[in-house]
Amino acid sequence: VIDFVQAYLKPGSPLYAGVEQARADCETLLKACRAAGIPIVHTNVAFQKGGRDGGVFFRKVPALACFEAGADPELGRFGDGLEPAPGETVITKQYASAFFGTSLASTLTALGVDTLLIAGVSTSGCVRATGVDACQHGFIPVIVREAVGDRAAGPHEANLFDLQAKYAEVADLATVQRYLGSLRRAGA
């Protein structure tokens, strides 16, 4: 679950994305994943004061200052219903991809994971970067269409199209729920 924090969900936030339906669908996906007993990883973003650890990304997107040390901690809080449960991993990142500069690849490898169900925000940014890097790290990325969102429909759809064409599978929530339900029935 990529960056589904209040900064993207709270109207008036500099990063507000208007992705309420994607948030609700991600909550549905998260419940199905937990019921299936698969490993769950959440990401968030945090920068040191001044954003030095964010490089060009931090400079290009001034709204990321809401994740600086000392900024409003409410904006970094996970969305209601999307909070990590005990035992779920939280990866804190400074760049778009959940893989870049983090322990995500080694964590997934240690867990024996080969396929990722990807949800979160934003489709044209962190979701895309994570999907591409998942492919480049040898994982099979599956983007859950209804559980990802972006500020505008054009970039959202263009990136889903491109991810499907080159790097990932894009699957609808109902298909993923059926698959997760089969894991529960099989006792996997």
# chains A, B, ... in the order shown; residues from 1 in each chain; ligands from 1

call {"tool": "residues_around", "arguments": {"residues": "Gly87 (chain A)", "least_positions_apart": "3", "cutoff": "10 Å", "atoms": "only C-alpha atoms", "output": "list in words"}}
result
Pro39, Ile40, Val41, Pro84 and Val90 of chain A

call {"tool": "write_last_selection", "arguments": {"atoms": "N, CA and C atoms", "output": "PDB file, in the first residue's frame"}}
result
ATOM      1  N   PRO A  39       1.641 -11.436   3.198  1.00  0.00           N
ATOM      2  CA  PRO A  39       2.410 -10.336   3.796  1.00  0.00           C
ATOM      3  C   PRO A  39       1.939  -8.987   3.245  1.00  0.00           C
ATOM      4  N   ILE A  40       1.879  -7.994   4.113  1.00  0.00           N
ATOM      5  CA  ILE A  40       1.438  -6.659   3.720  1.00  0.00           C
ATOM      6  C   ILE A  40       2.522  -5.661   4.099  1.00  0.00           C
ATOM      7  N   VAL A  41       2.812  -4.767   3.147  1.00  0.00           N
ATOM      8  CA  VAL A  41       3.805  -3.717   3.356  1.00  0.00           C
ATOM      9  C   VAL A  41       3.140  -2.382   3.033  1.00  0.00           C
ATOM     10  N   PRO A  84      -1.500   0.423   9.249  1.00  0.00           N
ATOM     11  CA  PRO A  84      -0.840  -0.884   9.363  1.00  0.00           C
ATOM     12  C   PRO A  84      -1.309  -1.629  10.609  1.00  0.00           C
ATOM     13  N   VAL A  90       6.263  -1.404   7.648  1.00  0.00           N
ATOM     14  CA  VAL A  90       6.173  -0.028   7.153  1.00  0.00           C
ATOM     15  C   VAL A  90       7.550   0.364   6.637  1.00  0.00           C
TER      16      VAL A  90
END

call {"tool": "select_by_dssp", "arguments": {"residues": "region 86-171 of chain A", "states": "alpha helix (DSSP H)", "output": "PDB file with all heavy atoms, in the first residue's frame"}}
result
ATOM      1  N   LEU A 104      12.977  -2.742   0.897  1.00  0.00           N
ATOM      2  CA  LEU A 104      11.804  -3.457   0.390  1.00  0.00           C
ATOM      3  C   LEU A 104      12.171  -4.733  -0.376  1.00  0.00           C
ATOM      4  O   LEU A 104      11.601  -5.796  -0.111  1.00  0.00           O
ATOM      5  CB  LEU A 104      10.942  -2.547  -0.483  1.00  0.00           C
ATOM      6  CG  LEU A 104       9.665  -3.194  -1.026  1.00  0.00           C
ATOM      7  CD1 LEU A 104       8.779  -3.739   0.091  1.00  0.00           C
ATOM      8  CD2 LEU A 104       8.898  -2.197  -1.894  1.00  0.00           C
ATOM      9  N   ALA A 105      13.096  -4.668  -1.311  1.00  0.00           N
ATOM     10  CA  ALA A 105      13.421  -5.859  -2.114  1.00  0.00           C
ATOM     11  C   ALA A 105      13.929  -6.994  -1.232  1.00  0.00           C
ATOM     12  O   ALA A 105      13.493  -8.144  -1.384  1.00  0.00           O
ATOM     13  CB  ALA A 105      14.451  -5.520  -3.194  1.00  0.00           C
ATOM     14  N   SER A 106      14.816  -6.704  -0.300  1.00  0.00           N
ATOM     15  CA  SER A 106      15.348  -7.767   0.555  1.00  0.00           C
ATOM     16  C   SER A 106      14.277  -8.288   1.504  1.00  0.00           C
ATOM     17  O   SER A 106      14.235  -9.491   1.797  1.00  0.00           O
ATOM     18  CB  SER A 106      16.580  -7.284   1.325  1.00  0.00           C
ATOM     19  OG  SER A 106      16.289  -6.148   2.095  1.00  0.00           O
ATOM     20  N   THR A 107      13.397  -7.428   1.969  1.00  0.00           N
ATOM     21  CA  THR A 107      12.293  -7.868   2.840  1.00  0.00           C
ATOM     22  C   THR A 107      11.385  -8.837   2.092  1.00  0.00           C
ATOM     23  O   THR A 107      11.038  -9.906   2.606  1.00  0.00           O
ATOM     24  CB  THR A 107      11.481  -6.660   3.351  1.00  0.00           C
ATOM     25  OG1 THR A 107      12.342  -5.831   4.137  1.00  0.00           O
ATOM     26  CG2 THR A 107      10.280  -7.093   4.172  1.00  0.00           C
ATOM     27  N   LEU A 108      11.012  -8.478   0.866  1.00  0.00           N
ATOM     28  CA  LEU A 108      10.135  -9.348   0.070  1.00  0.00           C
ATOM     29  C   LEU A 108      10.817 -10.670  -0.263  1.00  0.00           C
ATOM     30  O   LEU A 108      10.195 -11.735  -0.184  1.00  0.00           O
ATOM     31  CB  LEU A 108       9.700  -8.629  -1.209  1.00  0.00           C
ATOM     32  CG  LEU A 108       8.842  -7.386  -1.013  1.00  0.00           C
ATOM     33  CD1 LEU A 108       8.661  -6.638  -2.336  1.00  0.00           C
ATOM     34  CD2 LEU A 108       7.499  -7.738  -0.396  1.00  0.00           C
ATOM     35  N   THR A 109      12.087 -10.616  -0.611  1.00  0.00           N
ATOM     36  CA  THR A 109      12.830 -11.836  -0.924  1.00  0.00           C
ATOM     37  C   THR A 109      12.892 -12.748   0.299  1.00  0.00           C
ATOM     38  O   THR A 109      12.671 -13.954   0.199  1.00  0.00           O
ATOM     39  CB  THR A 109      14.244 -11.493  -1.426  1.00  0.00           C
ATOM     40  OG1 THR A 109      14.111 -10.722  -2.630  1.00  0.00           O
ATOM     41  CG2 THR A 109      15.049 -12.743  -1.718  1.00  0.00           C
ATOM     42  N   ALA A 110      13.180 -12.172   1.453  1.00  0.00           N
ATOM     43  CA  ALA A 110      13.247 -12.964   2.691  1.00  0.00           C
ATOM     44  C   ALA A 110      11.911 -13.611   3.024  1.00  0.00           C
ATOM     45  O   ALA A 110      11.856 -14.692   3.608  1.00  0.00           O
ATOM     46  CB  ALA A 110      13.716 -12.089   3.854  1.00  0.00           C
ATOM     47  N   ARG A 128       3.577   4.122 -10.224  1.00  0.00           N
ATOM     48  CA  ARG A 128       4.299   3.776 -11.448  1.00  0.00           C
ATOM     49  C   ARG A 128       5.757   3.430 -11.136  1.00  0.00           C
ATOM     50  O   ARG A 128       6.272   2.401 -11.595  1.00  0.00           O
ATOM     51  CB  ARG A 128       4.246   4.924 -12.446  1.00  0.00           C
ATOM     52  CG  ARG A 128       5.032   4.623 -13.716  1.00  0.00           C
ATOM     53  CD  ARG A 128       5.249   5.852 -14.578  1.00  0.00           C
ATOM     54  NE  ARG A 128       6.121   5.520 -15.670  1.00  0.00           N
ATOM     55  CZ  ARG A 128       5.749   4.957 -16.812  1.00  0.00           C
ATOM     56  NH1 ARG A 128       4.488   4.646 -17.003  1.00  0.00           N
ATOM     57  NH2 ARG A 128       6.621   4.682 -17.748  1.00  0.00           N
ATOM     58  N   ALA A 129       6.444   4.287 -10.369  1.00  0.00           N
ATOM     59  CA  ALA A 129       7.855   4.058 -10.059  1.00  0.00           C
ATOM     60  C   ALA A 129       8.037   2.728  -9.329  1.00  0.00           C
ATOM     61  O   ALA A 129       8.971   1.968  -9.628  1.00  0.00           O
ATOM     62  CB  ALA A 129       8.402   5.212  -9.220  1.00  0.00           C
ATOM     63  N   THR A 130       7.147   2.417  -8.413  1.00  0.00           N
ATOM     64  CA  THR A 130       7.242   1.163  -7.667  1.00  0.00           C
ATOM     65  C   THR A 130       6.959  -0.033  -8.574  1.00  0.00           C
ATOM     66  O   THR A 130       7.641  -1.057  -8.488  1.00  0.00           O
ATOM     67  CB  THR A 130       6.292   1.187  -6.460  1.00  0.00           C
ATOM     68  OG1 THR A 130       6.683   2.274  -5.607  1.00  0.00           O
ATOM     69  CG2 THR A 130       6.318  -0.117  -5.688  1.00  0.00           C
ATOM     70  N   GLY A 131       5.972   0.089  -9.463  1.00  0.00           N
ATOM     71  CA  GLY A 131       5.666  -0.994 -10.396  1.00  0.00           C
ATOM     72  C   GLY A 131       6.832  -1.289 -11.331  1.00  0.00           C
ATOM     73  O   GLY A 131       7.198  -2.452 -11.548  1.00  0.00           O
ATOM     74  N   VAL A 132       7.445  -0.246 -11.861  1.00  0.00           N
ATOM     75  CA  VAL A 132       8.591  -0.423 -12.748  1.00  0.00           C
ATOM     76  C   VAL A 132       9.753  -1.053 -11.982  1.00  0.00           C
ATOM     77  O   VAL A 132      10.373  -2.015 -12.446  1.00  0.00           O
ATOM     78  CB  VAL A 132       8.999   0.922 -13.394  1.00  0.00           C
ATOM     79  CG1 VAL A 132      10.338   0.802 -14.124  1.00  0.00           C
ATOM     80  CG2 VAL A 132       7.917   1.412 -14.345  1.00  0.00           C
ATOM     81  N   ASP A 133      10.038  -0.529 -10.799  1.00  0.00           N
ATOM     82  CA  ASP A 133      11.145  -1.096 -10.016  1.00  0.00           C
ATOM     83  C   ASP A 133      10.850  -2.529  -9.561  1.00  0.00           C
ATOM     84  O   ASP A 133      11.776  -3.341  -9.481  1.00  0.00           O
ATOM     85  CB  ASP A 133      11.458  -0.218  -8.806  1.00  0.00           C
ATOM     86  CG  ASP A 133      12.429   0.904  -9.140  1.00  0.00           C
ATOM     87  OD1 ASP A 133      12.843   1.021 -10.314  1.00  0.00           O
ATOM     88  OD2 ASP A 133      12.782   1.664  -8.214  1.00  0.00           O
ATOM     89  N   ALA A 134       9.608  -2.848  -9.271  1.00  0.00           N
ATOM     90  CA  ALA A 134       9.265  -4.232  -8.914  1.00  0.00           C
ATOM     91  C   ALA A 134       9.645  -5.160 -10.060  1.00  0.00           C
ATOM     92  O   ALA A 134      10.288  -6.202  -9.855  1.00  0.00           O
ATOM     93  CB  ALA A 134       7.782  -4.355  -8.585  1.00  0.00           C
ATOM     94  N   CYS A 135       9.288  -4.779 -11.273  1.00  0.00           N
ATOM     95  CA  CYS A 135       9.641  -5.561 -12.465  1.00  0.00           C
ATOM     96  C   CYS A 135      11.152  -5.682 -12.592  1.00  0.00           C
ATOM     97  O   CYS A 135      11.681  -6.766 -12.829  1.00  0.00           O
ATOM     98  CB  CYS A 135       9.037  -4.876 -13.692  1.00  0.00           C
ATOM     99  SG  CYS A 135       9.516  -5.583 -15.273  1.00  0.00           S
ATOM    100  N   GLN A 136      11.858  -4.587 -12.401  1.00  0.00           N
ATOM    101  CA  GLN A 136      13.320  -4.568 -12.554  1.00  0.00           C
ATOM    102  C   GLN A 136      14.028  -5.358 -11.454  1.00  0.00           C
ATOM    103  O   GLN A 136      15.162  -5.783 -11.646  1.00  0.00           O
ATOM    104  CB  GLN A 136      13.823  -3.120 -12.586  1.00  0.00           C
ATOM    105  CG  GLN A 136      13.344  -2.413 -13.845  1.00  0.00           C
ATOM    106  CD  GLN A 136      13.649  -0.942 -13.893  1.00  0.00           C
ATOM    107  OE1 GLN A 136      13.775  -0.413 -14.970  1.00  0.00           O
ATOM    108  NE2 GLN A 136      13.766  -0.258 -12.765  1.00  0.00           N
ATOM    109  N   ALA A 153      -7.596  12.250 -14.329  1.00  0.00           N
ATOM    110  CA  ALA A 153      -7.892  11.001 -15.035  1.00  0.00           C
ATOM    111  C   ALA A 153      -6.904  10.716 -16.160  1.00  0.00           C
ATOM    112  O   ALA A 153      -6.537   9.562 -16.387  1.00  0.00           O
ATOM    113  CB  ALA A 153      -9.313  11.032 -15.584  1.00  0.00           C
ATOM    114  N   GLY A 154      -6.449  11.747 -16.880  1.00  0.00           N
ATOM    115  CA  GLY A 154      -5.548  11.541 -18.015  1.00  0.00           C
ATOM    116  C   GLY A 154      -4.251  10.843 -17.622  1.00  0.00           C
ATOM    117  O   GLY A 154      -3.931   9.778 -18.165  1.00  0.00           O
ATOM    118  N   PRO A 155      -3.484  11.407 -16.699  1.00  0.00           N
ATOM    119  CA  PRO A 155      -2.249  10.736 -16.282  1.00  0.00           C
ATOM    120  C   PRO A 155      -2.514   9.368 -15.638  1.00  0.00           C
ATOM    121  O   PRO A 155      -1.732   8.436 -15.840  1.00  0.00           O
ATOM    122  CB  PRO A 155      -1.631  11.700 -15.270  1.00  0.00           C
ATOM    123  CG  PRO A 155      -2.241  13.015 -15.556  1.00  0.00           C
ATOM    124  CD  PRO A 155      -3.602  12.731 -16.111  1.00  0.00           C
ATOM    125  N   HIS A 156      -3.603   9.252 -14.897  1.00  0.00           N
ATOM    126  CA  HIS A 156      -3.964   7.977 -14.267  1.00  0.00           C
ATOM    127  C   HIS A 156      -4.124   6.894 -15.328  1.00  0.00           C
ATOM    128  O   HIS A 156      -3.462   5.853 -15.276  1.00  0.00           O
ATOM    129  CB  HIS A 156      -5.253   8.167 -13.464  1.00  0.00           C
ATOM    130  CG  HIS A 156      -5.828   6.921 -12.898  1.00  0.00           C
ATOM    131  ND1 HIS A 156      -5.291   6.273 -11.813  1.00  0.00           N
ATOM    132  CD2 HIS A 156      -6.924   6.198 -13.271  1.00  0.00           C
ATOM    133  CE1 HIS A 156      -6.027   5.202 -11.527  1.00  0.00           C
ATOM    134  NE2 HIS A 156      -7.017   5.137 -12.404  1.00  0.00           N
ATOM    135  N   GLU A 157      -4.965   7.138 -16.311  1.00  0.00           N
ATOM    136  CA  GLU A 157      -5.231   6.140 -17.355  1.00  0.00           C
ATOM    137  C   GLU A 157      -4.014   5.897 -18.235  1.00  0.00           C
ATOM    138  O   GLU A 157      -3.723   4.751 -18.607  1.00  0.00           O
ATOM    139  CB  GLU A 157      -6.442   6.548 -18.199  1.00  0.00           C
ATOM    140  CG  GLU A 157      -7.763   6.473 -17.456  1.00  0.00           C
ATOM    141  CD  GLU A 157      -8.102   5.078 -16.929  1.00  0.00           C
ATOM    142  OE1 GLU A 157      -7.708   4.066 -17.555  1.00  0.00           O
ATOM    143  OE2 GLU A 157      -8.758   5.002 -15.872  1.00  0.00           O
ATOM    144  N   ALA A 158      -3.271   6.960 -18.576  1.00  0.00           N
ATOM    145  CA  ALA A 158      -2.086   6.795 -19.420  1.00  0.00           C
ATOM    146  C   ALA A 158      -1.050   5.912 -18.727  1.00  0.00           C
ATOM    147  O   ALA A 158      -0.428   5.053 -19.362  1.00  0.00           O
ATOM    148  CB  ALA A 158      -1.483   8.157 -19.765  1.00  0.00           C
ATOM    149  N   ASN A 159      -0.875   6.106 -17.443  1.00  0.00           N
ATOM    150  CA  ASN A 159       0.113   5.309 -16.718  1.00  0.00           C
ATOM    151  C   ASN A 159      -0.339   3.875 -16.518  1.00  0.00           C
ATOM    152  O   ASN A 159       0.476   2.955 -16.597  1.00  0.00           O
ATOM    153  CB  ASN A 159       0.491   5.991 -15.407  1.00  0.00           C
ATOM    154  CG  ASN A 159       1.487   7.093 -15.650  1.00  0.00           C
ATOM    155  OD1 ASN A 159       2.677   6.840 -15.754  1.00  0.00           O
ATOM    156  ND2 ASN A 159       1.002   8.325 -15.796  1.00  0.00           N
ATOM    157  N   LEU A 160      -1.621   3.656 -16.280  1.00  0.00           N
ATOM    158  CA  LEU A 160      -2.118   2.275 -16.204  1.00  0.00           C
ATOM    159  C   LEU A 160      -1.912   1.568 -17.540  1.00  0.00           C
ATOM    160  O   LEU A 160      -1.485   0.410 -17.584  1.00  0.00           O
ATOM    161  CB  LEU A 160      -3.594   2.244 -15.794  1.00  0.00           C
ATOM    162  CG  LEU A 160      -3.895   2.601 -14.348  1.00  0.00           C
ATOM    163  CD1 LEU A 160      -5.398   2.648 -14.111  1.00  0.00           C
ATOM    164  CD2 LEU A 160      -3.236   1.619 -13.392  1.00  0.00           C
ATOM    165  N   PHE A 161      -2.195   2.268 -18.634  1.00  0.00           N
ATOM    166  CA  PHE A 161      -1.990   1.710 -19.973  1.00  0.00           C
ATOM    167  C   PHE A 161      -0.523   1.327 -20.174  1.00  0.00           C
ATOM    168  O   PHE A 161      -0.199   0.222 -20.611  1.00  0.00           O
ATOM    169  CB  PHE A 161      -2.428   2.727 -21.038  1.00  0.00           C
ATOM    170  CG  PHE A 161      -2.192   2.265 -22.445  1.00  0.00           C
ATOM    171  CD1 PHE A 161      -3.139   1.496 -23.110  1.00  0.00           C
ATOM    172  CD2 PHE A 161      -1.009   2.576 -23.112  1.00  0.00           C
ATOM    173  CE1 PHE A 161      -2.916   1.050 -24.407  1.00  0.00           C
ATOM    174  CE2 PHE A 161      -0.776   2.135 -24.403  1.00  0.00           C
ATOM    175  CZ  PHE A 161      -1.730   1.380 -25.054  1.00  0.00           C
ATOM    176  N   ASP A 162       0.379   2.243 -19.837  1.00  0.00           N
ATOM    177  CA  ASP A 162       1.800   2.006 -20.035  1.00  0.00           C
ATOM    178  C   ASP A 162       2.334   0.911 -19.116  1.00  0.00           C
ATOM    179  O   ASP A 162       3.127   0.066 -19.552  1.00  0.00           O
ATOM    180  CB  ASP A 162       2.571   3.309 -19.810  1.00  0.00           C
ATOM    181  CG  ASP A 162       3.980   3.232 -20.345  1.00  0.00           C
ATOM    182  OD1 ASP A 162       4.146   2.919 -21.537  1.00  0.00           O
ATOM    183  OD2 ASP A 162       4.914   3.473 -19.557  1.00  0.00           O
ATOM    184  N   LEU A 163       1.892   0.892 -17.873  1.00  0.00           N
ATOM    185  CA  LEU A 163       2.315  -0.174 -16.962  1.00  0.00           C
ATOM    186  C   LEU A 163       1.888  -1.538 -17.491  1.00  0.00           C
ATOM    187  O   LEU A 163       2.677  -2.487 -17.506  1.00  0.00           O
ATOM    188  CB  LEU A 163       1.741   0.071 -15.554  1.00  0.00           C
ATOM    189  CG  LEU A 163       2.457   1.134 -14.739  1.00  0.00           C
ATOM    190  CD1 LEU A 163       1.574   1.626 -13.596  1.00  0.00           C
ATOM    191  CD2 LEU A 163       3.788   0.609 -14.209  1.00  0.00           C
ATOM    192  N   GLN A 164       0.646  -1.645 -17.942  1.00  0.00           N
ATOM    193  CA  GLN A 164       0.142  -2.908 -18.490  1.00  0.00           C
ATOM    194  C   GLN A 164       0.925  -3.315 -19.735  1.00  0.00           C
ATOM    195  O   GLN A 164       1.249  -4.486 -19.918  1.00  0.00           O
ATOM    196  CB  GLN A 164      -1.351  -2.795 -18.817  1.00  0.00           C
ATOM    197  CG  GLN A 164      -1.938  -3.997 -19.548  1.00  0.00           C
ATOM    198  CD  GLN A 164      -1.926  -5.272 -18.721  1.00  0.00           C
ATOM    199  OE1 GLN A 164      -2.315  -5.262 -17.560  1.00  0.00           O
ATOM    200  NE2 GLN A 164      -1.497  -6.367 -19.307  1.00  0.00           N
ATOM    201  N   ALA A 165       1.265  -2.352 -20.565  1.00  0.00           N
ATOM    202  CA  ALA A 165       1.951  -2.648 -21.822  1.00  0.00           C
ATOM    203  C   ALA A 165       3.386  -3.132 -21.625  1.00  0.00           C
ATOM    204  O   ALA A 165       3.873  -3.953 -22.410  1.00  0.00           O
ATOM    205  CB  ALA A 165       1.952  -1.408 -22.722  1.00  0.00           C
ATOM    206  N   LYS A 166       4.061  -2.663 -20.541  1.00  0.00           N
ATOM    207  CA  LYS A 166       5.500  -2.906 -20.449  1.00  0.00           C
ATOM    208  C   LYS A 166       5.991  -3.555 -19.163  1.00  0.00           C
ATOM    209  O   LYS A 166       7.001  -4.257 -19.191  1.00  0.00           O
ATOM    210  CB  LYS A 166       6.251  -1.580 -20.597  1.00  0.00           C
ATOM    211  CG  LYS A 166       6.004  -0.870 -21.893  1.00  0.00           C
ATOM    212  CD  LYS A 166       6.687   0.481 -21.871  1.00  0.00           C
ATOM    213  CE  LYS A 166       6.224   1.334 -23.031  1.00  0.00           C
ATOM    214  NZ  LYS A 166       6.615   2.731 -22.855  1.00  0.00           N
TER     215      LYS A 166
END

call {"tool": "residues_around", "arguments": {"residues": "Ile2 (chain A)", "least_positions_apart": "3", "cutoff": "10 Å", "atoms": "only C-alpha atoms", "output": "list in words"}}
result
Val5, Val41, His42, Thr43, Asn44, Val45, Val90, Ile91, Ala96, Ser97, Ala98, Ile118, Ala119, Gly120, Val121, Ser122, Thr123, Cys126, Val127, Thr130 and Val148 of chain A

call {"tool": "residues_around", "arguments": {"residues": "region 18-34 of chain A", "least_positions_apart": "2", "cutoff": "10 Å", "atoms": "only C-alpha atoms", "output": "VMD selection string"}}
result
chain A and resid 1 4 to 5 8 to 11 15 to 16 36 to 40 79 to 85 88 117 to 122 144 to 152 173 to 174 176 to 181 183 to 184

call {"tool": "closest_residue", "arguments": {"among": "A:Pro86, A:Phe47, A:Val142, A:Ala186", "to": "Asp172 (chain A)", "atoms": "only C-alpha atoms"}}
result
A:Val142

call {"tool": "atom_distance", "arguments": {"atom1": "CA of Gly51 (chain A)", "atom2": "CA of Ser124 (chain A)"}}
result
21.9 Å

call {"tool": "select_by_dssp", "arguments": {"residues": "chain A", "states": "strand (DSSP E)", "output": "VMD selection string"}}
result
chain A and resid 41 to 45 89 to 93 115 to 121 140 to 149 169 to 171

call {"tool": "closest_residue", "arguments": {"among": "A:Leu111, A:Ala46, A:Ala171, A:His137", "to": "Pro73 (chain A)", "atoms": "only C-alpha atoms"}}
result
A:Ala46

call {"tool": "residues_around", "arguments": {"residues": "Ile140 (chain A)", "least_positions_apart": "6", "cutoff": "7 Å", "atoms": "only C-alpha atoms", "output": "MDAnalysis selection string"}}
result
chainID A and resid 114:116 134 168

call {"tool": "write_last_selection", "arguments": {"atoms": "N, CA and C atoms", "output": "mmCIF file, in the first residue's frame"}}
result
data_model
loop_
_atom_site.group_PDB
_atom_site.id
_atom_site.type_symbol
_atom_site.label_atom_id
_atom_site.label_comp_id
_atom_site.auth_asym_id
_atom_site.auth_seq_id
_atom_site.Cartn_x
_atom_site.Cartn_y
_atom_site.Cartn_z
ATOM 1 N N ASP A 114 7.019 -13.384 -4.603
ATOM 2 C CA ASP A 114 7.417 -13.203 -5.996
ATOM 3 C C ASP A 114 6.462 -12.288 -6.759
ATOM 4 N N THR A 115 5.278 -12.044 -6.203
ATOM 5 C CA THR A 115 4.253 -11.234 -6.860
ATOM 6 C C THR A 115 3.775 -10.165 -5.892
ATOM 7 N N LEU A 116 3.599 -8.946 -6.404
ATOM 8 C CA LEU A 116 3.133 -7.846 -5.572
ATOM 9 C C LEU A 116 1.779 -7.351 -6.059
ATOM 10 N N ALA A 134 9.608 -2.848 -9.271
ATOM 11 C CA ALA A 134 9.265 -4.232 -8.914
ATOM 12 C C ALA A 134 9.645 -5.160 -10.060
ATOM 13 N N ALA A 168 3.892 -4.422 -15.906
ATOM 14 C CA ALA A 168 3.050 -4.988 -14.850
ATOM 15 C C ALA A 168 1.770 -5.533 -15.443
#

call {"tool": "atom_distance", "arguments": {"atom1": "CA of Val61 (chain A)", "atom2": "CA of Val170 (chain A)"}}
result
27.1 Å

call {"tool": "atom_distance", "arguments": {"atom1": "CA of Lys49 (chain A)", "atom2": "CA of Ala69 (chain A)"}}
result
5.1 Å

call {"tool": "decode", "arguments": {"residues": "region 78-84 of chain A", "atoms": "all heavy atoms", "output": "tab-separated table (two decimals), in the first residue's frame"}}
result
chain	number	residue	atom	x	y	z
A	78	PHE	N	-1.44	7.52	8.40
A	78	PHE	CA	-2.11	6.66	7.41
A	78	PHE	C	-3.60	6.95	7.37
A	78	PHE	O	-4.20	7.32	8.38
A	78	PHE	CB	-1.86	5.18	7.71
A	78	PHE	CG	-0.45	4.75	7.41
A	78	PHE	CD1	0.51	4.69	8.41
A	78	PHE	CD2	-0.07	4.44	6.11
A	78	PHE	CE1	1.82	4.32	8.13
A	78	PHE	CE2	1.24	4.08	5.82
A	78	PHE	CZ	2.19	4.02	6.82
A	79	GLY	N	-4.21	6.77	6.20
A	79	GLY	CA	-5.63	7.01	6.03
A	79	GLY	C	-6.47	6.12	6.93
A	79	GLY	O	-6.07	4.99	7.25
A	80	ASP	N	-7.62	6.63	7.33
A	80	ASP	CA	-8.53	5.85	8.17
A	80	ASP	C	-8.89	4.55	7.47
A	80	ASP	O	-9.26	4.54	6.29
A	80	ASP	CB	-9.79	6.66	8.46
A	80	ASP	CG	-9.51	7.93	9.27
A	80	ASP	OD1	-8.48	7.95	9.97
A	80	ASP	OD2	-10.31	8.87	9.17
A	81	GLY	N	-8.75	3.45	8.19
A	81	GLY	CA	-9.03	2.13	7.64
A	81	GLY	C	-7.85	1.53	6.89
A	81	GLY	O	-7.90	0.38	6.46
A	82	LEU	N	-6.78	2.31	6.72
A	82	LEU	CA	-5.60	1.83	5.99
A	82	LEU	C	-4.37	1.76	6.89
A	82	LEU	O	-3.25	1.56	6.40
A	82	LEU	CB	-5.30	2.74	4.79
A	82	LEU	CG	-6.42	2.88	3.77
A	82	LEU	CD1	-6.05	3.88	2.69
A	82	LEU	CD2	-6.76	1.53	3.15
A	83	GLU	N	-4.57	1.91	8.17
A	83	GLU	CA	-3.45	1.88	9.11
A	83	GLU	C	-2.83	0.48	9.14
A	83	GLU	O	-3.52	-0.51	9.06
A	83	GLU	CB	-3.93	2.23	10.54
A	83	GLU	CG	-4.61	3.57	10.66
A	83	GLU	CD	-6.12	3.52	10.45
A	83	GLU	OE1	-6.66	2.47	10.01
A	83	GLU	OE2	-6.78	4.53	10.71
A	84	PRO	N	-1.50	0.42	9.25
A	84	PRO	CA	-0.84	-0.88	9.36
A	84	PRO	C	-1.31	-1.63	10.61
A	84	PRO	O	-1.45	-1.03	11.68
A	84	PRO	CB	0.64	-0.53	9.47
A	84	PRO	CG	0.75	0.84	8.86
A	84	PRO	CD	-0.54	1.53	9.18
